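Text of the file my_file.txt, holding compact mmCIF, C-alpha atoms and all ligand atoms:
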# COMPACT_ATOMS: atom_id res chain seq x y z
CA MET W 1 -57.83 215.15 112.39
CA ALA W 2 -55.01 213.94 110.14
CA ALA W 3 -51.44 214.56 111.30
CA PRO W 4 -49.76 217.50 109.54
CA PRO W 5 -47.42 216.46 106.71
CA ALA W 6 -43.84 215.80 107.80
CA THR W 7 -41.25 218.48 107.12
CA VAL W 8 -38.52 217.09 104.85
CA TRP W 9 -35.02 218.53 104.43
CA THR W 10 -32.29 217.13 102.17
CA ILE W 11 -28.51 217.19 102.56
CA VAL W 12 -26.69 216.91 99.20
CA VAL W 13 -23.11 215.78 99.88
CA ALA W 14 -20.75 217.34 97.34
CA ALA W 15 -17.55 217.63 99.38
CA GLY W 16 -15.58 214.64 98.05
CA SER W 17 -12.26 215.02 96.25
CA GLY W 18 -12.99 212.52 93.46
CA GLN W 19 -9.81 210.45 93.86
CA ARG W 20 -11.04 207.65 91.58
CA PHE W 21 -12.49 210.08 89.04
CA GLY W 22 -9.41 212.29 89.04
CA GLY W 23 -11.07 215.59 89.99
CA LEU W 24 -14.14 217.23 91.46
CA LYS W 25 -16.68 215.22 89.43
CA GLN W 26 -19.63 216.82 91.23
CA PHE W 27 -18.79 220.17 89.56
CA SER W 28 -18.21 218.78 86.06
CA GLU W 29 -20.52 220.01 83.31
CA LEU W 30 -23.53 217.95 82.35
CA GLY W 31 -25.60 219.73 79.76
CA SER W 32 -25.66 223.41 80.65
CA ARG W 33 -25.37 222.72 84.37
CA ARG W 34 -22.97 221.12 86.83
CA MET W 35 -23.64 217.62 88.15
CA VAL W 36 -24.39 219.00 91.62
CA ASP W 37 -27.09 221.29 90.16
CA TRP W 38 -29.02 218.28 88.87
CA ALA W 39 -29.01 216.61 92.27
CA VAL W 40 -29.98 219.81 94.09
CA GLU W 41 -32.78 220.68 91.68
CA THR W 42 -34.51 217.33 92.20
CA ALA W 43 -33.89 217.46 95.96
CA ALA W 44 -35.46 220.94 96.14
CA ARG W 45 -38.67 219.64 94.55
CA ALA W 46 -39.03 217.09 97.36
CA SER W 47 -37.88 219.19 100.32
CA ALA W 48 -38.63 222.26 102.43
CA GLY W 49 -34.90 223.06 102.42
CA VAL W 50 -31.68 221.75 100.86
CA VAL W 51 -28.26 221.90 102.52
CA VAL W 52 -25.36 221.49 100.08
CA VAL W 53 -22.06 220.34 101.55
CA VAL W 54 -19.08 221.50 99.44
CA PRO W 55 -15.30 221.00 99.75
CA ALA W 56 -14.05 223.14 102.66
CA GLU W 57 -11.28 224.70 100.56
CA HIS W 58 -13.80 225.85 97.94
CA ALA W 59 -16.61 226.94 100.25
CA THR W 60 -16.08 230.64 99.46
CA ASP W 61 -14.90 230.20 95.85
CA PRO W 62 -17.44 231.67 93.37
CA THR W 63 -16.68 228.83 90.91
CA PHE W 64 -18.42 226.57 93.41
CA ALA W 65 -21.31 228.96 93.98
CA ALA W 66 -24.46 227.69 95.65
CA PRO W 67 -26.57 225.69 93.23
CA ASN W 68 -30.09 226.94 92.44
CA GLY W 69 -32.44 225.58 95.07
CA ALA W 70 -29.85 225.45 97.87
CA THR W 71 -31.06 226.87 101.18
CA ALA W 72 -27.63 226.68 102.84
CA VAL W 73 -24.08 225.79 101.82
CA VAL W 74 -21.69 224.37 104.39
CA ALA W 75 -18.07 223.22 104.29
CA GLY W 76 -17.57 219.45 104.27
CA GLY W 77 -15.23 217.14 106.16
CA SER W 78 -12.52 214.67 105.20
CA THR W 79 -14.93 211.70 105.01
CA ARG W 80 -18.44 211.33 103.64
CA SER W 81 -19.82 210.61 107.13
CA GLU W 82 -18.17 213.77 108.47
CA SER W 83 -19.64 215.78 105.58
CA VAL W 84 -23.12 214.48 106.46
CA ARG W 85 -22.60 215.52 110.09
CA ARG W 86 -21.56 219.04 108.98
CA GLY W 87 -24.68 219.16 106.80
CA LEU W 88 -26.87 218.08 109.72
CA THR W 89 -25.77 221.14 111.72
CA ALA W 90 -27.57 223.31 109.12
CA VAL W 91 -30.82 221.29 109.18
CA PRO W 92 -33.36 222.98 111.48
CA ASP W 93 -34.75 221.15 114.51
CA GLY W 94 -38.21 221.36 112.93
CA ALA W 95 -37.27 218.88 110.19
CA ASP W 96 -38.97 215.50 110.82
CA ILE W 97 -37.36 213.65 107.91
CA VAL W 98 -33.85 214.18 106.51
CA CYS W 99 -32.80 212.79 103.13
CA VAL W 100 -29.13 212.39 102.29
CA HIS W 101 -28.22 212.39 98.60
CA ASP W 102 -24.95 212.08 96.66
CA ALA W 103 -24.18 214.99 94.31
CA ALA W 104 -22.55 212.31 92.15
CA ARG W 105 -25.98 210.80 91.28
CA PRO W 106 -27.50 213.32 88.86
CA PHE W 107 -30.40 211.16 87.64
CA ALA W 108 -32.28 210.22 90.80
CA SER W 109 -35.93 211.08 90.08
CA ALA W 110 -38.39 213.12 92.13
CA GLU W 111 -40.49 209.91 92.30
CA LEU W 112 -37.59 208.13 94.01
CA PHE W 113 -37.40 210.89 96.65
CA ALA W 114 -41.16 210.52 97.14
CA ALA W 115 -40.84 206.72 97.50
CA VAL W 116 -38.16 206.79 100.21
CA ILE W 117 -39.95 209.63 102.05
CA ALA W 118 -43.24 207.66 102.00
CA ALA W 119 -41.50 204.50 103.21
CA VAL W 120 -39.72 206.18 106.14
CA ALA W 121 -42.98 207.80 107.23
CA ARG W 122 -44.43 204.35 108.03
CA ASP W 123 -44.73 203.40 111.71
CA GLY W 124 -41.55 202.03 113.24
CA VAL W 125 -39.31 202.71 110.22
CA ASP W 126 -36.13 204.74 110.88
CA ALA W 127 -34.68 204.77 107.36
CA ALA W 128 -35.66 203.91 103.79
CA VAL W 129 -33.11 203.49 101.02
CA PRO W 130 -33.34 202.64 97.30
CA GLY W 131 -31.78 199.35 96.21
CA ILE W 132 -31.65 197.25 93.08
CA ALA W 133 -31.18 193.51 92.63
CA VAL W 134 -27.58 192.45 92.01
CA ALA W 135 -26.90 190.81 88.63
CA ASP W 136 -23.48 189.33 89.47
CA THR W 137 -22.79 186.68 92.07
CA VAL W 138 -20.94 188.38 94.95
CA LYS W 139 -18.08 186.78 96.92
CA ILE W 140 -16.82 187.68 100.38
CA VAL W 141 -13.00 187.49 100.35
CA ASP W 142 -10.25 187.84 102.95
CA GLN W 143 -7.18 190.07 102.53
CA THR W 144 -5.33 187.37 100.59
CA GLY W 145 -8.17 187.13 98.07
CA ARG W 146 -9.38 183.78 99.36
CA VAL W 147 -13.14 183.42 99.15
CA THR W 148 -14.68 182.96 102.57
CA SER W 149 -18.33 182.78 101.50
CA THR W 150 -20.89 183.39 98.76
CA PRO W 151 -24.04 185.14 99.96
CA ASP W 152 -27.34 184.18 98.37
CA ARG W 153 -27.72 186.64 95.48
CA ALA W 154 -31.49 186.78 95.88
CA SER W 155 -31.05 188.51 99.23
CA LEU W 156 -28.58 191.16 97.99
CA ARG W 157 -29.40 194.75 96.95
CA ALA W 158 -27.04 197.40 95.57
CA VAL W 159 -27.98 200.49 97.52
CA GLN W 160 -28.29 204.07 96.21
CA THR W 161 -29.24 207.52 97.46
CA PRO W 162 -31.46 209.46 98.21
CA GLN W 163 -31.74 207.78 101.62
CA ALA W 164 -34.52 209.06 103.89
CA PHE W 165 -34.27 209.08 107.70
CA ARG W 166 -36.29 210.05 110.69
CA ALA W 167 -34.27 213.09 111.76
CA VAL W 168 -33.99 211.91 115.37
CA ALA W 169 -32.66 208.50 114.27
CA LEU W 170 -30.07 210.02 111.91
CA ARG W 171 -28.85 212.54 114.49
CA ALA W 172 -28.64 209.89 117.23
CA ALA W 173 -26.77 207.45 114.99
CA HIS W 174 -24.21 210.11 114.00
CA ALA W 175 -23.70 211.40 117.55
CA SER W 176 -20.70 209.15 118.20
CA SER W 177 -19.02 210.18 114.88
CA PRO W 178 -19.08 206.73 113.21
CA GLU W 179 -17.66 206.13 109.72
CA ALA W 180 -19.46 204.21 106.95
CA THR W 181 -19.89 204.47 103.19
CA ASP W 182 -23.59 205.28 103.57
CA ASP W 183 -25.86 206.62 106.29
CA ALA W 184 -28.11 203.58 106.37
CA ALA W 185 -25.15 201.58 107.72
CA VAL W 186 -24.70 204.17 110.46
CA VAL W 187 -28.37 203.85 111.45
CA GLU W 188 -28.26 200.02 111.20
CA ALA W 189 -25.23 199.92 113.52
CA HIS W 190 -27.22 202.04 115.97
CA GLY W 191 -30.04 199.47 115.98
CA GLY W 192 -32.32 201.32 113.56
CA TYR W 193 -35.01 199.74 111.39
CA VAL W 194 -33.97 200.24 107.76
CA VAL W 195 -36.01 199.20 104.71
CA VAL W 196 -35.13 199.02 101.02
CA VAL W 197 -37.47 200.31 98.29
CA GLU W 198 -36.99 199.68 94.58
CA GLY W 199 -34.16 201.82 93.20
CA GLU W 200 -33.62 203.10 89.66
CA ALA W 201 -31.24 201.69 87.04
CA ASP W 202 -30.38 205.20 85.79
CA ASN W 203 -29.54 206.39 89.28
CA ARG W 204 -25.87 205.44 88.90
CA LYS W 205 -23.15 207.06 90.96
CA ILE W 206 -20.43 208.72 88.92
CA THR W 207 -17.29 207.16 90.39
CA ALA W 208 -14.60 206.85 87.69
CA ALA W 209 -13.87 208.95 84.59
CA GLU W 210 -15.49 206.26 82.37
CA ASP W 211 -18.81 206.90 84.09
CA LEU W 212 -18.90 210.43 82.68
CA ALA W 213 -19.22 209.09 79.12
CA TRP W 214 -22.28 207.10 80.22
CA VAL W 215 -23.78 210.05 82.00
CA GLN W 216 -23.26 212.40 79.01
CA GLU W 217 -24.90 209.84 76.73
CA ARG W 218 -27.82 209.35 79.13
CA TRP W 219 -28.26 213.12 79.38
CA SER W 220 -28.31 213.63 75.61
CA LYS W 221 -31.14 211.10 75.17
N1 LIG B 1 -18.46 213.17 99.74
C1 LIG B 1 -18.48 214.25 100.62
N2 LIG B 1 -17.43 214.43 101.51
C2 LIG B 1 -16.40 213.57 101.52
C3 LIG B 1 -16.39 212.44 100.65
C4 LIG B 1 -17.45 212.27 99.77
O1 LIG B 1 -19.41 215.06 100.60
N3 LIG B 1 -15.38 213.80 102.35
C5 LIG B 1 -19.54 213.05 98.74
C6 LIG B 1 -19.05 213.10 97.30
O2 LIG B 1 -18.89 214.47 96.86
C7 LIG B 1 -20.12 212.34 96.54
C8 LIG B 1 -20.65 211.35 97.59
O3 LIG B 1 -20.15 211.77 98.86
O4 LIG B 1 -21.18 213.18 96.09
C9 LIG B 1 -20.24 209.92 97.29
O5 LIG B 1 -18.84 209.81 97.44
P1 LIG B 1 -17.83 209.23 96.36
O6 LIG B 1 -18.54 208.76 95.14
O7 LIG B 1 -16.90 208.31 97.07
O8 LIG B 1 -17.05 210.59 95.91
P2 LIG B 1 -15.58 211.02 96.28
O9 LIG B 1 -15.31 210.72 97.72
O10 LIG B 1 -15.42 212.43 95.82
O11 LIG B 1 -14.72 210.07 95.33
P3 LIG B 1 -13.46 209.14 95.74
O12 LIG B 1 -13.94 208.22 96.83
O13 LIG B 1 -13.09 208.46 94.48
O14 LIG B 1 -12.40 210.11 96.23
MG MG B 2 -15.32 208.67 98.42

Output the file's structure in the form of structure tokens.
Amino acid sequence: MAAPPATVWTIVVAAGSGQRFGGLKQFSELGSRRMVDWAVETAARASAGVVVVVPAEHATDPTFAAPNGATAVVAGGSTRSESVRRGLTAVPDGADIVCVHDAARPFASAELFAAVIAAVARDGVDAAVPGIAVADTVKIVDQTGRVTSTPDRASLRAVQTPQAFRAVALRAAHASSPEATDDAAVVEAHGGYVVVVEGEADNRKITAAEDLAWVQERWSK
């Protein structure tokens, strides 16, 4: 008899303060919806439940009402890693796979969710993340700006979300409250087996105000 399909939950992290953008970018309008609504809608298509993590000071503010498709809304922390940990507390024990997705990436496709979920379901894999080849040569520099090395570009990938994890691996890796800019790094540091699948060029993260012009243009196409 085939194993029952894995239960997938997604945490959409939307609790950042948007320092580089200059405001809460995840709640800015994109078409007739907010950016966070786009991320949650796609996540809901791929998941049994979606936990949305919002800024703690706005958790009860109706302006930041739960997006359509959200199963639970929880207050975030002062770092992205802390926000993920708060989100994990609302994911039921029955979830086998947990995806973590940035609210600031409105154009991740349902196919990309399916690809990372399929990859993490393979034997021995703890995490699967989307990545794309890097066009620029990348330098490692010290604090004075001196170049210390140049990694081989062919081996580099710029990594995106959604990132899919075996729930036990993600919970174990976060148990000691580590800090990193993505969850794959947390699982790698904990000895996990992480694989990269092909990411999507349109799945850009909105980081600075200039990115909004791109995203509006992409949306209107
Ligand atoms: N995030 C979060 N909680 C935090 C910090 C970030 O949930 N304490 C979320 C953001 O809302 C975003 C994603 O993590 O969806 C990626 O973070 P980033 O692009 O860095 O957003 P901000 O932290 O808001 O921006 P900045 O770093 O410029 O302040
Ligand atoms: Mg940030």

Open item on the list: Could you check the closest approach to Val116 (chain W) for each of W:His190, W:Arg20, W:His101, W:His58 and tell me which residue wins, using only C-alpha atoms?
Closed with: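 For Val116 (chain W), the nearest of the candidates is W:His101.
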
Open item on the list: Please report the interatomic distance between CA of Gly76 (chain W) and CA of Ala95 (chain W) in Å with one decimal.
Closed with: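 Between these atoms lies a distance of 20.6 Å.
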
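CA of Ala173 (chain W) is positioned 21.6 Å from CA of Gly49 (chain W).
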
- [ ] May I ask for the distance between CA of Ala180 (chain W) and CA of Ser81 (chain W), given in Å to one decimal place?
- [x]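 Calculated distance between CA of Ala180 (chain W) and CA of Ser81 (chain W) is 6.4 Å.
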
Box dimensions and centre (Å, one decimal) enclosing region 116-120 of chain W, axis-aligned, 3 Å extra per side, as AutoDock Vina command-line options:
--center_x -40.7 --center_y 207.1 --center_z 103.2 --size_x 11.1 --size_y 11.1 --size_z 11.9
